[in-house]
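Colleague: Below is the structure I would like to discuss, written out as structure tokens.
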2 protein chains.
Amino acid sequence: MLSGQTVVVTGCAGFIGSHVVDRLLSTGHSVVGIDNFSTGQRRFLEGALWHPRFRLWEADLLDVDALGRALAGGELVIHLAGNADVRFGTEHPRKDLEQNTIATLNVLEAMRANGMSRIAFSSTGSVYGEATVIPTPEDAPFPVQTSLYAASKLAAEGLIAAYCEGFGFQSWIFRFVSILGERYTHGHVVDFYKQLRQHPELLRVLGNGKQRKSYLEVQDCVDAILLAVREATSRVNVFNLGVDGFCEVDDSIGWICGALGLDPELEYTGGERGWVGDHPVIYLDTARIRGLGWAPRTSIREAVLKTVEYLRENEWVLEARG
Amino acid sequence: MLSGQTVVVTGCAGFIGSHVVDRLLSTGHSVVGIDNFSTGQRRFLEGALWHPRFRLWEADLLDVDALGRALAGGELVIHLAGNADVRFGTEHPRKDLEQNTIATLNVLEAMRANGMSRIAFSSTGSVYGEATVIPTPEDAPFPVQTSLYAASKLAAEGLIAAYCEGFGFQSWIFRFVSILGERYTHGHVVDFYKQLRQHPELLRVLGNGKQRKSYLEVQDCVDAILLAVREATSRVNVFNLGVDGFCEVDDSIGWICGALGLDPELEYTGGERGWVGDHPVIYLDTARIRGLGWAPRTSIREAVLKTVEYLRENEWVLEARG
């Protein structure tokens, strides 16, 4: 990925997408950003929108014609758009398939129509289901899916890999743990922060608080994506992304309450799983991406604290659709 | 699966589907068959159509309303409909996703609307991509997809598993090798048979003839499906189906030519792969289904010969869309 190349970023106004855009612009790239603003925030693009090398396409990835036009002239697609709402898949079963799988096919077809062949994609560590190997490597035993979200992301991975085999594409597929940091708009830190703002004396926690989860700070995530696209040369490159460790939900609660100076009563819904399809343990083996020289610079604790700090300074995010 | 239950069979006029229908009817079940006859053959249902316990719905699985009506009153869905054309995925990239993935979501949603929760599904051994473990077990290392066909089947597997987790469904997912036997309408035996009928002195072979493939006779396949649905009690039951062995393409050519009394010149296109996305070796570990007491009764050689015999007696199949 040479400086000066035009990179297309889908989901450019999202949490991760907007950071990728900023980084690409600051390193000399031209960026075409695509977002339908269903959950993306225009304020995340405040810097980019003034930049002469940034062009915004307000378009939905289900609109094949608009997508085809948006990609013209691009050399690499970083495909980050998608339904990121892991927990509510069962309320609208078609949404994940449409926004994560069909949208990805549309991106692949638009690339083909434009003679493009390089795509980076944000999948999820959830594709490992209830992993039997912890920490979980990329070639873990063939998993059974446990959520529509993960199933739809795995389906997109499969389509991308098939395009690599069938059409000579090259791909970088990233299986993330949950990402934290500035512009974070949904997930447990927001949930807890919102609750504590409303009733500082009480915190309701999904599950038993013992779920072990791994996280990654968003700048570390962007570092890994861009490094992999630059350095990994296989036809299909699959990378786990996460810190080398995990915390319990209770640890995170301690850090958040400490930062806010609160000592709420904790009310647990109980059970090993916070919700249907939740995984008691998410901890990915990241030896592969570390082999390229990457290492996260921010610990889980620091990432949680940074996120709380961001939310305090940007409470508008709590009211934004996301 | 008790005798007397109503079973819905999608793809009921297909190669495997029509055999499943016949077997279910002969063992006391009522059967609702669904087919859009895009590749299914009405002649395969000659017996069933006269049967008082058989009801045919001519419908497309992309027609959500028709599907919802067809499933009413069913207790189990055996979902066999799909695009089975492995080789031509790159010519119409949306077809696999529509007919294998979206159609499966439609079946799942129609089941949910009808209060049904048990589904058997025909996936494919191709989901293992270029397997690194041979013979390949169900929990082989997480594979990279190499065809749109396999990617679309894997996507359907994921949706089904997610419905099991999210909606309390129970599923039986079968990863097949290629199936042979009566009513076989497409695949290498038909290709070779057609060629030899046209020019008995010459046979063009995709690849170098050394590809190692496993096969299964269709009655053995039906045995395995119905046994698993009866005996396997996990929420998500995944089974490889195949004989315990393989042949080379050249072996199969020898058997076919022997049966036809021909000795053609062989012209190989060369290479380890017959086509884009072809796998040099397909050989599945079937210990799991054997653990239920199943064993195939027909060898690969016998299955090939039975298929040739069927084609000789039913040349109309060669002209049929399939």
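By order of appearance in the structure tokens: chains A, B, ..., then residues from 1 within every chain, and ligands from 1 in the order shown.
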Could you make a table, as a tab-separated table, of the residues of chain B that have an atom within 10 Å of an atom of chain A, each with its nearest atom pair and distance in Å to one decimal, counting only C-alpha atoms, in chain and number order?

Modeller:
```
residue	atom	partner	partner_atom	distance
B:Phe88	CA	A:Gly166	CA	10.0
B:Gly89	CA	A:Gly166	CA	8.3
B:Thr90	CA	A:Gly166	CA	6.2
B:Glu91	CA	A:Gly166	CA	9.8
B:Pro93	CA	A:Glu109	CA	8.1
B:Arg94	CA	A:Leu105	CA	7.8
B:Leu97	CA	A:Ile102	CA	8.2
B:Glu98	CA	A:Ile102	CA	9.4
B:Thr101	CA	A:Ala155	CA	8.9
B:Ile102	CA	A:Leu97	CA	8.2
B:Leu105	CA	A:Arg94	CA	7.8
B:Asn106	CA	A:Arg94	CA	9.2
B:Leu108	CA	A:Pro93	CA	9.7
B:Glu109	CA	A:Pro93	CA	8.1
B:Val127	CA	A:Gly158	CA	9.2
B:Tyr128	CA	A:Phe142	CA	8.9
B:Gly129	CA	A:Ala162	CA	9.7
B:Pro137	CA	A:Phe142	CA	9.4
B:Glu138	CA	A:Phe142	CA	7.1
B:Asp139	CA	A:Phe142	CA	4.8
B:Ala140	CA	A:Pro141	CA	5.4
B:Pro141	CA	A:Pro141	CA	4.5
B:Phe142	CA	A:Phe142	CA	4.4
B:Pro143	CA	A:Phe142	CA	7.2
B:Val144	CA	A:Ala161	CA	6.5
B:Gln145	CA	A:Gly158	CA	5.3
B:Thr146	CA	A:Ala162	CA	4.7
B:Ser147	CA	A:Ala162	CA	4.6
B:Leu148	CA	A:Ala162	CA	5.3
B:Tyr149	CA	A:Ala162	CA	8.6
B:Ala150	CA	A:Gly158	CA	8.1
B:Ala151	CA	A:Gly158	CA	4.7
B:Ser152	CA	A:Ala155	CA	7.0
B:Lys153	CA	A:Ala155	CA	8.9
B:Leu154	CA	A:Ala155	CA	6.9
B:Ala155	CA	A:Ala155	CA	4.5
B:Ala156	CA	A:Ala155	CA	8.1
B:Glu157	CA	A:Gln145	CA	8.2
B:Gly158	CA	A:Ala151	CA	4.7
B:Leu159	CA	A:Ala151	CA	5.8
B:Ile160	CA	A:Gln145	CA	8.4
B:Ala161	CA	A:Gln145	CA	5.4
B:Ala162	CA	A:Ser147	CA	4.6
B:Tyr163	CA	A:Leu148	CA	7.6
B:Cys164	CA	A:Thr146	CA	7.8
B:Glu165	CA	A:Thr146	CA	5.5
B:Gly166	CA	A:Val276	CA	6.0
B:Phe167	CA	A:Thr90	CA	7.6
B:Val236	CA	A:Val144	CA	7.8
B:Asn237	CA	A:Val144	CA	9.6
B:Val238	CA	A:Val144	CA	9.0
B:Trp275	CA	A:Gly166	CA	9.7
B:Val276	CA	A:Gly166	CA	6.0
B:Gly277	CA	A:Glu165	CA	6.5
```

Colleague: Write the residues of the preceding selection, restricted to N, CA and C atoms, as a compact mmCIF listing (two decimals), in the first residue's frame.

Modeller:
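Result saved to result.txt:
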```txt
# COMPACT_ATOMS: atom_id res chain seq x y z
N PHE B 88 -19.53 -23.76 -11.89
CA PHE B 88 -19.74 -22.55 -12.67
C PHE B 88 -20.07 -21.33 -11.81
N GLY B 89 -19.68 -21.39 -10.54
CA GLY B 89 -19.99 -20.31 -9.61
C GLY B 89 -19.54 -18.93 -10.08
N THR B 90 -18.38 -18.88 -10.73
CA THR B 90 -17.85 -17.56 -11.08
C THR B 90 -18.60 -16.91 -12.24
N GLU B 91 -19.44 -17.68 -12.94
CA GLU B 91 -20.18 -17.08 -14.05
C GLU B 91 -21.42 -16.32 -13.59
N PRO B 93 -22.16 -14.96 -9.88
CA PRO B 93 -21.77 -14.96 -8.47
C PRO B 93 -22.93 -14.84 -7.48
N ARG B 94 -24.08 -14.31 -7.90
CA ARG B 94 -25.16 -14.16 -6.94
C ARG B 94 -25.99 -15.43 -6.76
N LEU B 97 -25.40 -17.60 -3.59
CA LEU B 97 -25.85 -16.92 -2.38
C LEU B 97 -27.38 -16.93 -2.31
N GLU B 98 -28.02 -16.67 -3.45
CA GLU B 98 -29.49 -16.64 -3.45
C GLU B 98 -30.09 -18.02 -3.20
N THR B 101 -27.97 -19.76 0.29
CA THR B 101 -27.93 -19.05 1.57
C THR B 101 -29.26 -18.36 1.87
N ILE B 102 -29.68 -17.47 0.97
CA ILE B 102 -30.92 -16.71 1.22
C ILE B 102 -32.11 -17.68 1.26
N LEU B 105 -32.24 -19.14 4.65
CA LEU B 105 -32.81 -18.21 5.63
C LEU B 105 -34.32 -18.19 5.49
N ASN B 106 -34.81 -18.21 4.25
CA ASN B 106 -36.26 -18.22 4.04
C ASN B 106 -36.90 -19.47 4.64
N LEU B 108 -35.73 -21.21 7.17
CA LEU B 108 -35.67 -21.06 8.63
C LEU B 108 -36.77 -20.12 9.13
N GLU B 109 -36.97 -19.02 8.41
CA GLU B 109 -38.00 -18.07 8.82
C GLU B 109 -39.40 -18.67 8.67
N VAL B 127 -16.83 -27.50 1.86
CA VAL B 127 -16.60 -26.43 2.85
C VAL B 127 -15.23 -26.59 3.51
N TYR B 128 -14.58 -27.74 3.37
CA TYR B 128 -13.24 -27.89 3.93
C TYR B 128 -12.16 -27.26 3.06
N GLY B 129 -12.55 -26.72 1.90
CA GLY B 129 -11.58 -26.08 1.01
C GLY B 129 -10.47 -27.04 0.67
N PRO B 137 -11.88 -34.68 9.19
CA PRO B 137 -12.98 -34.82 10.15
C PRO B 137 -13.82 -33.55 10.23
N GLU B 138 -14.97 -33.65 10.87
CA GLU B 138 -15.89 -32.52 10.98
C GLU B 138 -15.26 -31.33 11.71
N ASP B 139 -14.33 -31.60 12.63
CA ASP B 139 -13.70 -30.49 13.37
C ASP B 139 -12.29 -30.22 12.85
N ALA B 140 -12.11 -30.39 11.55
CA ALA B 140 -10.84 -30.06 10.89
C ALA B 140 -10.48 -28.60 11.16
N PRO B 141 -9.22 -28.23 10.96
CA PRO B 141 -8.85 -26.82 11.14
C PRO B 141 -9.72 -25.90 10.29
N PHE B 142 -10.12 -24.81 10.87
CA PHE B 142 -10.96 -23.76 10.25
C PHE B 142 -10.48 -23.52 8.81
N PRO B 143 -11.30 -23.86 7.83
CA PRO B 143 -10.82 -23.81 6.44
C PRO B 143 -10.99 -22.45 5.78
N VAL B 144 -10.26 -22.28 4.69
CA VAL B 144 -10.43 -21.13 3.80
C VAL B 144 -11.29 -21.60 2.63
N GLN B 145 -12.35 -20.88 2.31
CA GLN B 145 -13.25 -21.29 1.24
C GLN B 145 -12.59 -21.09 -0.13
N THR B 146 -12.91 -21.98 -1.06
CA THR B 146 -12.31 -21.88 -2.38
C THR B 146 -13.35 -21.84 -3.51
N SER B 147 -14.64 -21.85 -3.17
CA SER B 147 -15.65 -21.71 -4.21
C SER B 147 -16.87 -21.00 -3.65
N LEU B 148 -17.58 -20.31 -4.53
CA LEU B 148 -18.80 -19.63 -4.12
C LEU B 148 -19.83 -20.65 -3.66
N TYR B 149 -19.84 -21.82 -4.30
CA TYR B 149 -20.76 -22.88 -3.91
C TYR B 149 -20.54 -23.26 -2.45
N ALA B 150 -19.31 -23.60 -2.10
CA ALA B 150 -19.02 -24.02 -0.73
C ALA B 150 -19.23 -22.86 0.26
N ALA B 151 -18.84 -21.66 -0.15
CA ALA B 151 -19.04 -20.50 0.73
C ALA B 151 -20.52 -20.30 1.03
N SER B 152 -21.36 -20.50 0.01
CA SER B 152 -22.80 -20.30 0.20
C SER B 152 -23.40 -21.41 1.06
N LYS B 153 -22.87 -22.62 0.96
CA LYS B 153 -23.34 -23.72 1.81
C LYS B 153 -22.86 -23.51 3.25
N LEU B 154 -21.63 -23.08 3.42
CA LEU B 154 -21.11 -22.81 4.76
C LEU B 154 -21.93 -21.69 5.43
N ALA B 155 -22.28 -20.69 4.63
CA ALA B 155 -23.10 -19.60 5.15
C ALA B 155 -24.44 -20.14 5.65
N ALA B 156 -25.02 -21.07 4.89
CA ALA B 156 -26.29 -21.67 5.29
C ALA B 156 -26.12 -22.49 6.57
N GLU B 157 -25.04 -23.24 6.65
CA GLU B 157 -24.74 -23.97 7.90
C GLU B 157 -24.72 -23.01 9.09
N GLY B 158 -24.05 -21.87 8.90
CA GLY B 158 -23.93 -20.90 9.99
C GLY B 158 -25.28 -20.36 10.43
N LEU B 159 -26.14 -20.05 9.43
CA LEU B 159 -27.48 -19.55 9.75
C LEU B 159 -28.26 -20.60 10.54
N ILE B 160 -28.18 -21.83 10.09
CA ILE B 160 -28.92 -22.91 10.76
C ILE B 160 -28.43 -23.06 12.20
N ALA B 161 -27.12 -23.06 12.38
CA ALA B 161 -26.56 -23.20 13.74
C ALA B 161 -26.99 -22.02 14.62
N ALA B 162 -27.00 -20.82 14.04
CA ALA B 162 -27.40 -19.64 14.81
C ALA B 162 -28.88 -19.73 15.21
N TYR B 163 -29.72 -20.29 14.34
CA TYR B 163 -31.13 -20.49 14.70
C TYR B 163 -31.25 -21.52 15.82
N CYS B 164 -30.36 -22.48 15.84
CA CYS B 164 -30.38 -23.47 16.93
C CYS B 164 -30.08 -22.76 18.25
N GLU B 165 -29.07 -21.90 18.25
CA GLU B 165 -28.70 -21.18 19.47
C GLU B 165 -29.76 -20.13 19.83
N GLY B 166 -30.22 -19.39 18.84
CA GLY B 166 -31.09 -18.25 19.12
C GLY B 166 -32.56 -18.58 19.27
N PHE B 167 -33.01 -19.63 18.56
CA PHE B 167 -34.44 -19.93 18.55
C PHE B 167 -34.75 -21.36 18.99
N VAL B 236 -26.91 -29.07 17.48
CA VAL B 236 -26.38 -28.97 16.12
C VAL B 236 -25.56 -30.23 15.86
N ASN B 237 -26.03 -31.06 14.92
CA ASN B 237 -25.35 -32.33 14.63
C ASN B 237 -24.75 -32.25 13.23
N VAL B 238 -23.42 -32.26 13.16
CA VAL B 238 -22.74 -32.15 11.88
C VAL B 238 -22.12 -33.50 11.53
N TRP B 275 -10.81 -27.64 -12.33
CA TRP B 275 -11.40 -26.33 -12.60
C TRP B 275 -11.09 -25.43 -11.41
N VAL B 276 -11.37 -24.14 -11.56
CA VAL B 276 -11.14 -23.19 -10.47
C VAL B 276 -11.98 -23.59 -9.27
N GLY B 277 -11.35 -23.83 -8.15
CA GLY B 277 -12.09 -24.22 -6.96
C GLY B 277 -12.17 -25.73 -6.79
```

Colleague: Quick one: pick out all strand (DSSP E or B) residues within range 27-112 of chain A from a backbone DSSP run and write them as an MDAnalysis selection string.

Modeller: chainID A and resid 30:35 54:58 76:79

Colleague: If you keep C-alpha atoms, can you produce a file of those selected residues as a PDB file, in the first residue's frame?

Modeller:
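To be explicit, this is the file written out as result-v8.pdb:
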```
ATOM      1  CA  SER A  30      -6.431   9.621  -0.987  1.00  0.00           C
ATOM      2  CA  VAL A  31      -9.579   8.235   0.578  1.00  0.00           C
ATOM      3  CA  VAL A  32     -13.040   7.598  -0.786  1.00  0.00           C
ATOM      4  CA  GLY A  33     -15.347   7.091   2.190  1.00  0.00           C
ATOM      5  CA  ILE A  34     -18.725   5.368   1.898  1.00  0.00           C
ATOM      6  CA  ASP A  35     -21.350   5.449   4.621  1.00  0.00           C
ATOM      7  CA  PHE A  54     -11.080  12.903   1.127  1.00  0.00           C
ATOM      8  CA  ARG A  55     -14.260  12.299  -0.837  1.00  0.00           C
ATOM      9  CA  LEU A  56     -17.468  11.189   0.875  1.00  0.00           C
ATOM     10  CA  TRP A  57     -20.131   9.057  -0.819  1.00  0.00           C
ATOM     11  CA  GLU A  58     -23.338   8.887   1.138  1.00  0.00           C
ATOM     12  CA  LEU A  76      -7.846  -1.076  -2.253  1.00  0.00           C
ATOM     13  CA  VAL A  77     -11.129  -1.450  -0.370  1.00  0.00           C
ATOM     14  CA  ILE A  78     -11.121  -1.505   3.413  1.00  0.00           C
ATOM     15  CA  HIS A  79     -14.604  -2.906   4.018  1.00  0.00           C
TER      16      HIS A  79
END
```

Colleague: Based on the backbone DSSP call, show me all residues of range 87-304 of chain A assigned helix (DSSP H, G or I), as a ChimeraX atom specification.

Modeller: /A:89-91,93-113,125-128,148-167,188-198,218-231,249-260,287-290,300-304

Colleague: Go ahead and dump the residues you just picked, C-alpha atoms, as a short mmCIF file (atom, residue, chain, number, x, y, z; two decimals), in the first residue's frame.

Modeller:
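The result, stored in again_8.cif:
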```cif
data_model
loop_
_atom_site.label_atom_id
_atom_site.label_comp_id
_atom_site.auth_asym_id
_atom_site.auth_seq_id
_atom_site.Cartn_x
_atom_site.Cartn_y
_atom_site.Cartn_z
CA GLY A 89 -29.74 -10.66 15.91
CA THR A 90 -32.79 -12.71 16.80
CA GLU A 91 -35.09 -9.68 16.66
CA PRO A 93 -32.97 -12.21 11.43
CA ARG A 94 -32.54 -10.78 7.95
CA LYS A 95 -30.57 -7.72 8.98
CA ASP A 96 -27.23 -9.42 9.58
CA LEU A 97 -27.44 -11.34 6.32
CA GLU A 98 -28.34 -8.21 4.36
CA GLN A 99 -25.89 -5.79 5.92
CA ASN A 100 -22.96 -8.13 6.46
CA THR A 101 -23.22 -10.83 3.80
CA ILE A 102 -25.18 -9.43 0.85
CA ALA A 103 -23.51 -6.04 1.29
CA THR A 104 -20.14 -7.78 1.08
CA LEU A 105 -21.13 -9.58 -2.12
CA ASN A 106 -22.14 -6.20 -3.52
CA VAL A 107 -18.75 -4.75 -2.61
CA LEU A 108 -16.99 -7.70 -4.27
CA GLU A 109 -19.09 -7.36 -7.42
CA ALA A 110 -18.51 -3.59 -7.55
CA MET A 111 -14.78 -4.23 -7.21
CA ARG A 112 -14.88 -6.72 -10.05
CA ALA A 113 -16.81 -4.26 -12.23
CA GLY A 125 -13.71 -13.31 16.76
CA SER A 126 -17.30 -14.46 17.29
CA VAL A 127 -16.91 -16.75 14.28
CA TYR A 128 -15.13 -19.17 16.63
CA LEU A 148 -26.61 -14.58 13.32
CA TYR A 149 -24.04 -11.80 13.53
CA ALA A 150 -21.09 -14.20 13.47
CA ALA A 151 -22.76 -16.45 10.88
CA SER A 152 -23.23 -13.45 8.59
CA LYS A 153 -19.60 -12.36 9.04
CA LEU A 154 -18.34 -15.90 8.40
CA ALA A 155 -20.48 -16.00 5.27
CA ALA A 156 -18.81 -12.78 4.11
CA GLU A 157 -15.37 -14.25 4.84
CA GLY A 158 -16.29 -17.23 2.68
CA LEU A 159 -17.43 -15.06 -0.22
CA ILE A 160 -14.24 -13.01 -0.07
CA ALA A 161 -12.05 -16.14 -0.02
CA ALA A 162 -14.02 -17.60 -2.95
CA TYR A 163 -13.43 -14.38 -4.93
CA CYS A 164 -9.72 -14.77 -4.21
CA GLU A 165 -9.77 -18.28 -5.65
CA GLY A 166 -12.18 -17.60 -8.49
CA PHE A 167 -11.27 -14.07 -9.56
CA HIS A 188 -20.55 -2.73 27.47
CA VAL A 189 -18.68 0.48 28.39
CA VAL A 190 -21.45 2.63 26.87
CA ASP A 191 -24.13 0.47 28.47
CA PHE A 192 -22.55 0.78 31.90
CA TYR A 193 -21.77 4.49 31.47
CA LYS A 194 -25.38 5.24 30.47
CA GLN A 195 -26.75 3.30 33.40
CA LEU A 196 -24.47 4.98 35.91
CA ARG A 197 -25.34 8.41 34.57
CA GLN A 198 -29.02 7.62 35.10
CA VAL A 218 -8.80 1.26 18.21
CA GLN A 219 -5.42 2.78 17.26
CA ASP A 220 -3.77 -0.58 17.87
CA CYS A 221 -6.46 -2.09 15.64
CA VAL A 222 -5.78 0.42 12.84
CA ASP A 223 -2.03 -0.22 13.16
CA ALA A 224 -2.61 -3.95 12.69
CA ILE A 225 -4.93 -3.57 9.68
CA LEU A 226 -2.59 -1.29 7.77
CA LEU A 227 0.51 -3.30 8.67
CA ALA A 228 -1.09 -6.54 7.50
CA VAL A 229 -2.27 -5.04 4.20
CA ARG A 230 1.29 -3.80 3.63
CA GLU A 231 3.18 -6.91 4.71
CA VAL A 249 -16.54 -8.22 33.14
CA ASP A 250 -16.14 -7.50 36.86
CA ASP A 251 -12.62 -6.11 36.26
CA SER A 252 -13.98 -3.72 33.69
CA ILE A 253 -16.77 -2.67 36.06
CA GLY A 254 -14.13 -1.90 38.71
CA TRP A 255 -12.12 0.27 36.33
CA ILE A 256 -15.19 2.15 35.05
CA CYS A 257 -16.59 2.80 38.53
CA GLY A 258 -13.14 3.81 39.78
CA ALA A 259 -12.77 6.33 36.96
CA LEU A 260 -16.21 7.77 37.69
CA ALA A 287 0.79 -14.95 17.23
CA ARG A 288 0.19 -14.61 13.49
CA ILE A 289 -0.16 -10.81 13.40
CA ARG A 290 2.60 -10.47 16.02
CA ILE A 300 -7.27 -3.53 28.29
CA ARG A 301 -7.40 -1.43 31.45
CA GLU A 302 -5.97 1.62 29.68
CA ALA A 303 -8.36 1.07 26.77
CA VAL A 304 -11.38 0.95 29.11
#
```

Colleague: Could you tell me which of B:Leu67, B:Ile16, B:Leu241, B:Ala232 comes closest to Gly82 in chain B if we count only C-alpha atoms?

Modeller: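 Distance minimum relative to Gly82 in chain B lands on B:Ile16.
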